[in-house]
Amino acid sequence: MYDRPALTELIDAVRMHLETRVIPAVRDDRKLYFQTLVATNVLRIAGRELEYGGAHLRAQWGRINALLEDESSLPSGDQAARELLVARSERLAAAIRAGVFDAAGQQREMLYEHLQASAIEALIVANPRLLQTLVQEGQNPDLDAWEGRNRAE
Amino acid sequence: MSNLSIEDFEVKLTEYLCQVTDSAVKIDALIPLAGGASRDSWRIDARIDGQPTRYVMRRDLPTSMSDSALSRAQEFRVMAAAYDHGVRVAKVRYLCEDPAVLGLPFFIMDFVEGISIGRKVIQDAGLAGARAVLPEQMAEQLARIHTLNADPLDFLPRSPVDQSPARIFVRRAYDMLDALGVKSPAFEFLLRWADQHAPDAPAITFVHGDFRVGNLLVDSGGLAAVIDWEFAHIGDPREELGYLCMRDWRFGADHLHAGGLAPRERLLRAYETASGRTIDRAAVDWWEIAGNIFWGITCLAQADRHLSGRDPSVELASLGRRSVEMQMEALRLIGKVGI
């Protein structure tokens, strides 16, 4: 549709500019240095969202359909799909507050699984390193502080 | 600098110090200190009647982070009370509420040497000795803080007698979400769980409200001073124990539950010894989950400061996408104790 650089490549170009040109030049200004590091991380997040956003949207749509017992199909336009997902996610939030998922059982477990899956998807975009730590803790409970919380040393 | 140039700032501060100390004051250096996103702190190197003196000035920024935070005048009184009670805290000296002086209220306190950057405290090789003694020191300081007589501090937020601090916490968290207009399935689930499992409080005490590595000044001997008292309130002492165990306050040492320093049990036993209280572990679990919920919602509130145009800042914007770290952790912990 457009000439290269593609959107992800534009974002990468700005990030590389910050990392190689700006950060070394502002090292003495602690606040600006820190804020610029944050800015480069924000661009990484934006890049990962472009990569994974579509797949995560479809996955969340399917799970919310199951939870709200609704079989609507995802609108074809990106913007429309996002807006509708937000609206349905807000409907789910209201249902939780109204106590619809209070009773122990399959619906509540499905909700929990949806919330955990959605948090994992958000971490894939926002902080994949934390996700990696969580996976390691899952494989080796000795690394998980919470598992040993009532043990002395 | 809120409309003051650094030169004007120095002149005004010098005049102010001359007046309150009734002495000749010469400021040699003004050094900005690393601090939160809502307060402005400066180290002041001065000579007062020729006597070299180091102070810290702590001032509001134009937008404060949270409505529940104390004013500078209130924080000044809390720190003075903590100092008199024998807590390790900088001695506060002068309070100025006249906006004509530096634009916004501020106070002056003694400078205490030490590192407050959490990541350095937990990672720096030179501070291994400090880390070895910090868990017991933190427990002792908390035990002391929790016996502070708060009767004269009648402005401190406190829950109504018929409601536990845990229930008030849940209600306040809902209020924060609603004020932000956030409709999040994750937070709704977490808060409903928290509400249905909220512990009663066997004791209600003064609490610091933000006690963790990162709000301590640490030197080679360990805990030099407890800082940032703006979230002090009357609450459940166990909330501080759970809060400081949150993953985000472990600064990379995720396997060490108590602040990235030690297993939680070591902290709790030291606290029980120092305070004479018996601590219900399940209540500390609840407060750690609650701490994650609170910090997760606060991240959204911080991002809203940017999004609303009040405080344009990439740093505040980025916090919005950190919220899910705390959501994930709270979900995970609830999954382990039982949804």
# chains A, B, ... in the order shown; residues from 1 in each chain; ligands from 1
call {"tool": "residues_around", "arguments": {"residues": "stretch 120-133 of chain B", "least_positions_apart": "2", "cutoff": "8 Å", "atoms": "only C-alpha atoms", "output": "PyMOL selection string"}}
result
chain B and resi 115-118+135-137+213-214+218-223+250-253+260-261
call {"tool": "write_last_selection", "arguments": {"atoms": "N, CA and C atoms", "output": "PDB file, in the first residue's frame"}}
result
ATOM      1  N   ILE B 115      20.971   5.445  49.889  1.00  0.00           N
ATOM      2  CA  ILE B 115      20.456   5.162  48.549  1.00  0.00           C
ATOM      3  C   ILE B 115      18.991   4.765  48.655  1.00  0.00           C
ATOM      4  N   SER B 116      18.144   5.396  47.837  1.00  0.00           N
ATOM      5  CA  SER B 116      16.727   5.046  47.867  1.00  0.00           C
ATOM      6  C   SER B 116      16.298   4.320  46.592  1.00  0.00           C
ATOM      7  N   ILE B 117      17.218   4.170  45.644  1.00  0.00           N
ATOM      8  CA  ILE B 117      16.846   3.515  44.389  1.00  0.00           C
ATOM      9  C   ILE B 117      16.796   2.008  44.623  1.00  0.00           C
ATOM     10  N   GLY B 118      15.575   1.458  44.569  1.00  0.00           N
ATOM     11  CA  GLY B 118      15.360   0.064  44.936  1.00  0.00           C
ATOM     12  C   GLY B 118      16.278  -0.899  44.211  1.00  0.00           C
ATOM     13  N   PRO B 135      16.219  -7.124  56.511  1.00  0.00           N
ATOM     14  CA  PRO B 135      14.923  -7.710  56.877  1.00  0.00           C
ATOM     15  C   PRO B 135      14.572  -7.485  58.346  1.00  0.00           C
ATOM     16  N   GLU B 136      15.540  -7.704  59.245  1.00  0.00           N
ATOM     17  CA  GLU B 136      15.273  -7.503  60.671  1.00  0.00           C
ATOM     18  C   GLU B 136      15.078  -6.012  60.970  1.00  0.00           C
ATOM     19  N   GLN B 137      15.895  -5.168  60.334  1.00  0.00           N
ATOM     20  CA  GLN B 137      15.747  -3.725  60.578  1.00  0.00           C
ATOM     21  C   GLN B 137      14.383  -3.229  60.111  1.00  0.00           C
ATOM     22  N   VAL B 213      11.382  -1.398  50.096  1.00  0.00           N
ATOM     23  CA  VAL B 213      12.678  -0.988  49.561  1.00  0.00           C
ATOM     24  C   VAL B 213      12.358  -0.026  48.420  1.00  0.00           C
ATOM     25  N   GLY B 214      13.035   1.088  48.354  1.00  0.00           N
ATOM     26  CA  GLY B 214      12.672   2.137  47.406  1.00  0.00           C
ATOM     27  C   GLY B 214      12.133   3.352  48.155  1.00  0.00           C
ATOM     28  N   VAL B 218      19.225   3.682  52.351  1.00  0.00           N
ATOM     29  CA  VAL B 218      20.051   2.550  52.771  1.00  0.00           C
ATOM     30  C   VAL B 218      21.517   2.915  52.599  1.00  0.00           C
ATOM     31  N   ASP B 219      22.297   2.678  53.652  1.00  0.00           N
ATOM     32  CA  ASP B 219      23.750   2.833  53.539  1.00  0.00           C
ATOM     33  C   ASP B 219      24.404   1.500  53.898  1.00  0.00           C
ATOM     34  N   SER B 220      25.725   1.486  54.067  1.00  0.00           N
ATOM     35  CA  SER B 220      26.404   0.202  54.269  1.00  0.00           C
ATOM     36  C   SER B 220      25.935  -0.484  55.551  1.00  0.00           C
ATOM     37  N   GLY B 221      25.413   0.292  56.498  1.00  0.00           N
ATOM     38  CA  GLY B 221      24.911  -0.303  57.737  1.00  0.00           C
ATOM     39  C   GLY B 221      23.456  -0.735  57.664  1.00  0.00           C
ATOM     40  N   GLY B 222      22.834  -0.547  56.498  1.00  0.00           N
ATOM     41  CA  GLY B 222      21.429  -0.951  56.347  1.00  0.00           C
ATOM     42  C   GLY B 222      20.491   0.239  56.327  1.00  0.00           C
ATOM     43  N   LEU B 223      19.414   0.126  57.084  1.00  0.00           N
ATOM     44  CA  LEU B 223      18.336   1.123  57.026  1.00  0.00           C
ATOM     45  C   LEU B 223      18.721   2.412  57.757  1.00  0.00           C
ATOM     46  N   ARG B 250      10.500  -6.267  44.528  1.00  0.00           N
ATOM     47  CA  ARG B 250      11.663  -7.159  44.739  1.00  0.00           C
ATOM     48  C   ARG B 250      12.821  -6.778  43.816  1.00  0.00           C
ATOM     49  N   PHE B 251      12.602  -5.880  42.907  1.00  0.00           N
ATOM     50  CA  PHE B 251      13.645  -5.285  42.068  1.00  0.00           C
ATOM     51  C   PHE B 251      14.582  -6.310  41.438  1.00  0.00           C
ATOM     52  N   GLY B 252      13.978  -7.326  40.835  1.00  0.00           N
ATOM     53  CA  GLY B 252      14.769  -8.293  40.073  1.00  0.00           C
ATOM     54  C   GLY B 252      15.107  -9.548  40.862  1.00  0.00           C
ATOM     55  N   ALA B 253      15.081  -9.473  42.202  1.00  0.00           N
ATOM     56  CA  ALA B 253      15.336 -10.682  43.009  1.00  0.00           C
ATOM     57  C   ALA B 253      13.985 -11.319  43.324  1.00  0.00           C
ATOM     58  N   GLY B 260      12.780  -8.611  47.945  1.00  0.00           N
ATOM     59  CA  GLY B 260      13.978  -9.013  47.214  1.00  0.00           C
ATOM     60  C   GLY B 260      15.154  -9.276  48.140  1.00  0.00           C
ATOM     61  N   LEU B 261      14.838  -9.442  49.463  1.00  0.00           N
ATOM     62  CA  LEU B 261      15.898  -9.561  50.469  1.00  0.00           C
ATOM     63  C   LEU B 261      15.936 -10.918  51.151  1.00  0.00           C
TER      64      LEU B 261
END
call {"tool": "select_by_dssp", "arguments": {"residues": "stretch 83-203 of chain B", "states": "strand (DSSP E)", "output": "VMD selection string"}}
result
chain B and resid 92 to 96 106 to 110
call {"tool": "write_last_selection", "arguments": {"atoms": "N, CA and C atoms", "output": "short mmCIF file (atom, residue, chain, number, x, y, z; two decimals), in the first residue's frame"}}
result
data_model
loop_
_atom_site.label_atom_id
_atom_site.label_comp_id
_atom_site.auth_asym_id
_atom_site.auth_seq_id
_atom_site.Cartn_x
_atom_site.Cartn_y
_atom_site.Cartn_z
N VAL B 92 12.51 16.72 60.71
CA VAL B 92 11.96 17.83 59.92
C VAL B 92 12.22 19.15 60.64
N ARG B 93 12.48 20.20 59.87
CA ARG B 93 12.89 21.49 60.45
C ARG B 93 11.86 22.60 60.26
N TYR B 94 11.55 22.91 59.01
CA TYR B 94 10.70 24.08 58.75
C TYR B 94 9.63 23.74 57.71
N LEU B 95 8.43 24.22 57.98
CA LEU B 95 7.31 24.03 57.05
C LEU B 95 6.89 25.38 56.50
N CYS B 96 6.72 25.47 55.18
CA CYS B 96 6.27 26.72 54.58
C CYS B 96 5.06 26.45 53.70
N PHE B 106 6.07 23.55 50.88
CA PHE B 106 7.27 22.68 50.99
C PHE B 106 7.68 22.61 52.44
N PHE B 107 8.56 21.65 52.72
CA PHE B 107 9.21 21.67 54.03
C PHE B 107 10.68 21.32 53.89
N ILE B 108 11.41 21.65 54.96
CA ILE B 108 12.85 21.44 55.00
C ILE B 108 13.15 20.43 56.10
N MET B 109 14.00 19.46 55.78
CA MET B 109 14.39 18.47 56.79
C MET B 109 15.89 18.24 56.71
N ASP B 110 16.43 17.54 57.71
CA ASP B 110 17.85 17.20 57.70
C ASP B 110 18.15 16.24 56.55
#
call {"tool": "select_by_dssp", "arguments": {"residues": "stretch 1-133 of chain A", "states": "alpha helix (DSSP H)", "output": "PyMOL selection string"}}
result
chain A and resi 7-17+23-25+30-68+78-97+106-126+128-133
call {"tool": "atom_distance", "arguments": {"atom1": "atom CA of B:Gln163", "atom2": "atom CA of B:Ala232"}}
result
18.6 Å
call {"tool": "closest_atom_pairs", "arguments": {"of": "chain A", "to": "chain B", "cutoff": "7 Å", "atoms": "only C-alpha atoms", "output": "Markdown table"}}
result
| residue | atom | partner | partner_atom | distance |
| --- | --- | --- | --- | --- |
| A:Gln35 | CA | B:Glu315 | CA | 6.0 |
| A:Val38 | CA | B:Glu315 | CA | 6.2 |
| A:Ala39 | CA | B:Val314 | CA | 6.3 |
| A:Val42 | CA | B:Ser318 | CA | 6.3 |
| A:Ser89 | CA | B:Pro185 | CA | 6.7 |
| A:Glu90 | CA | B:Lys183 | CA | 5.3 |
| A:Leu92 | CA | B:Pro185 | CA | 6.1 |
| A:Ala93 | CA | B:Pro185 | CA | 4.1 |
| A:Ile96 | CA | B:Glu188 | CA | 6.2 |
| A:Arg97 | CA | B:Glu188 | CA | 6.0 |
| A:Leu115 | CA | B:Ala186 | CA | 5.9 |
| A:Gln116 | CA | B:Met328 | CA | 6.8 |
| A:Ala119 | CA | B:Met328 | CA | 5.7 |
| A:Ala122 | CA | B:Val324 | CA | 6.8 |
| A:Leu123 | CA | B:Val324 | CA | 6.9 |
| A:Ala126 | CA | B:Arg321 | CA | 6.1 |
| A:Leu143 | CA | B:His255 | CA | 5.3 |
| A:Asp144 | CA | B:His255 | CA | 5.7 |
| A:Ala145 | CA | B:His255 | CA | 4.8 |
| A:Arg149 | CA | B:Arg264 | CA | 5.7 |
| A:Asn150 | CA | B:Glu265 | CA | 5.8 |
| A:Arg151 | CA | B:Glu265 | CA | 6.2 |
| A:Ala152 | CA | B:Glu265 | CA | 5.3 |
| A:Glu153 | CA | B:Pro263 | CA | 6.0 |
call {"tool": "residues_around", "arguments": {"residues": "stretch 43-52 of chain B", "least_positions_apart": "6", "cutoff": "6 Å", "atoms": "only C-alpha atoms", "output": "list of chain:residue names"}}
result
B:Ser23, B:Ala24, B:Val25, B:Lys26, B:Ile27, B:Asp28, B:Ala29, B:Leu30, B:Ile31
call {"tool": "decode", "arguments": {"residues": "stretch 102-116 of chain A", "atoms": "all heavy atoms", "output": "tab-separated table (two decimals), in the first residue's frame"}}
result
chain	number	residue	atom	x	y	z
A	102	ASP	N	-20.17	-15.46	40.24
A	102	ASP	CA	-19.81	-15.73	41.64
A	102	ASP	C	-19.79	-17.23	41.98
A	102	ASP	O	-18.94	-17.68	42.74
A	102	ASP	CB	-20.79	-15.03	42.59
A	102	ASP	CG	-20.42	-13.57	42.79
A	102	ASP	OD1	-19.45	-13.12	42.15
A	102	ASP	OD2	-21.09	-12.88	43.57
A	103	ALA	N	-20.74	-17.96	41.44
A	103	ALA	CA	-20.87	-19.37	41.85
A	103	ALA	C	-19.68	-20.18	41.37
A	103	ALA	O	-19.23	-20.03	40.23
A	103	ALA	CB	-22.16	-19.94	41.29
A	104	ALA	N	-19.17	-21.03	42.26
A	104	ALA	CA	-18.08	-21.92	41.87
A	104	ALA	C	-18.59	-22.84	40.77
A	104	ALA	O	-19.76	-23.21	40.75
A	104	ALA	CB	-17.63	-22.74	43.07
A	105	GLY	N	-17.72	-23.18	39.83
A	105	GLY	CA	-18.15	-24.08	38.77
A	105	GLY	C	-17.49	-23.74	37.44
A	105	GLY	O	-16.55	-22.94	37.38
A	106	GLN	N	-18.01	-24.35	36.40
A	106	GLN	CA	-17.34	-24.29	35.10
A	106	GLN	C	-17.28	-22.87	34.54
A	106	GLN	O	-16.26	-22.47	33.98
A	106	GLN	CB	-18.09	-25.21	34.13
A	106	GLN	CG	-17.22	-25.63	32.96
A	106	GLN	CD	-18.04	-26.33	31.88
A	106	GLN	OE1	-19.23	-26.59	32.05
A	106	GLN	NE2	-17.41	-26.62	30.76
A	107	GLN	N	-18.38	-22.09	34.71
A	107	GLN	CA	-18.40	-20.72	34.17
A	107	GLN	C	-17.32	-19.87	34.82
A	107	GLN	O	-16.63	-19.11	34.14
A	107	GLN	CB	-19.76	-20.06	34.43
A	107	GLN	CG	-20.83	-20.41	33.42
A	107	GLN	CD	-20.46	-19.92	32.02
A	107	GLN	OE1	-20.00	-20.70	31.18
A	107	GLN	NE2	-20.63	-18.63	31.77
A	108	ARG	N	-17.20	-20.00	36.14
A	108	ARG	CA	-16.21	-19.22	36.87
A	108	ARG	C	-14.79	-19.64	36.46
A	108	ARG	O	-13.91	-18.81	36.29
A	108	ARG	CB	-16.42	-19.40	38.38
A	108	ARG	CG	-15.50	-18.55	39.23
A	108	ARG	CD	-15.95	-18.50	40.68
A	108	ARG	NE	-14.99	-17.77	41.50
A	108	ARG	CZ	-14.92	-16.45	41.58
A	108	ARG	NH1	-15.76	-15.70	40.91
A	108	ARG	NH2	-14.01	-15.87	42.35
A	109	GLU	N	-14.59	-20.93	36.30
A	109	GLU	CA	-13.27	-21.40	35.87
A	109	GLU	C	-12.93	-20.91	34.46
A	109	GLU	O	-11.80	-20.52	34.17
A	109	GLU	CB	-13.20	-22.91	35.95
A	109	GLU	CG	-12.81	-23.37	37.35
A	109	GLU	CD	-13.22	-24.81	37.65
A	109	GLU	OE1	-13.21	-25.63	36.70
A	109	GLU	OE2	-13.56	-25.09	38.81
A	110	MET	N	-13.95	-20.92	33.60
A	110	MET	CA	-13.75	-20.41	32.23
A	110	MET	C	-13.38	-18.93	32.25
A	110	MET	O	-12.53	-18.48	31.50
A	110	MET	CB	-15.04	-20.57	31.42
A	110	MET	CG	-14.99	-21.65	30.38
A	110	MET	SD	-16.63	-21.91	29.66
A	110	MET	CE	-16.79	-20.48	28.60
A	111	LEU	N	-14.05	-18.20	33.14
A	111	LEU	CA	-13.73	-16.76	33.28
A	111	LEU	C	-12.28	-16.58	33.72
A	111	LEU	O	-11.54	-15.79	33.13
A	111	LEU	CB	-14.67	-16.10	34.29
A	111	LEU	CG	-14.30	-14.65	34.66
A	111	LEU	CD1	-14.47	-13.73	33.45
A	111	LEU	CD2	-15.13	-14.14	35.83
A	112	TYR	N	-11.90	-17.34	34.75
A	112	TYR	CA	-10.53	-17.22	35.25
A	112	TYR	C	-9.52	-17.53	34.15
A	112	TYR	O	-8.53	-16.82	33.97
A	112	TYR	CB	-10.32	-18.15	36.45
A	112	TYR	CG	-8.93	-18.06	37.03
A	112	TYR	CD1	-8.57	-16.99	37.83
A	112	TYR	CD2	-7.97	-19.04	36.75
A	112	TYR	CE1	-7.28	-16.88	38.34
A	112	TYR	CE2	-6.69	-18.95	37.26
A	112	TYR	CZ	-6.35	-17.87	38.06
A	112	TYR	OH	-5.07	-17.76	38.56
A	113	GLU	N	-9.80	-18.58	33.39
A	113	GLU	CA	-8.88	-18.94	32.29
A	113	GLU	C	-8.81	-17.85	31.24
A	113	GLU	O	-7.74	-17.54	30.70
A	113	GLU	CB	-9.31	-20.27	31.66
A	113	GLU	CG	-8.81	-21.46	32.47
A	113	GLU	CD	-9.56	-22.75	32.17
A	113	GLU	OE1	-10.12	-22.86	31.05
A	113	GLU	OE2	-9.61	-23.62	33.05
A	114	HIS	N	-9.95	-17.22	30.96
A	114	HIS	CA	-9.96	-16.11	30.00
A	114	HIS	C	-9.12	-14.94	30.51
A	114	HIS	O	-8.33	-14.35	29.77
A	114	HIS	CB	-11.40	-15.64	29.74
A	114	HIS	CG	-11.47	-14.28	29.11
A	114	HIS	ND1	-11.00	-14.03	27.83
A	114	HIS	CD2	-11.93	-13.09	29.58
A	114	HIS	CE1	-11.18	-12.74	27.55
A	114	HIS	NE2	-11.73	-12.16	28.58
A	115	LEU	N	-9.29	-14.60	31.79
A	115	LEU	CA	-8.56	-13.46	32.34
A	115	LEU	C	-7.06	-13.73	32.35
A	115	LEU	O	-6.25	-12.85	32.03
A	115	LEU	CB	-9.05	-13.16	33.76
A	115	LEU	CG	-10.52	-12.75	33.87
A	115	LEU	CD1	-10.92	-12.59	35.34
A	115	LEU	CD2	-10.80	-11.47	33.10
A	116	GLN	N	-6.70	-14.95	32.69
A	116	GLN	CA	-5.28	-15.29	32.72
A	116	GLN	C	-4.70	-15.28	31.29
A	116	GLN	O	-3.62	-14.74	31.07
A	116	GLN	CB	-5.09	-16.65	33.37
A	116	GLN	CG	-3.69	-16.81	33.92
A	116	GLN	CD	-3.58	-17.99	34.87
A	116	GLN	OE1	-4.24	-19.00	34.69
A	116	GLN	NE2	-2.73	-17.86	35.87
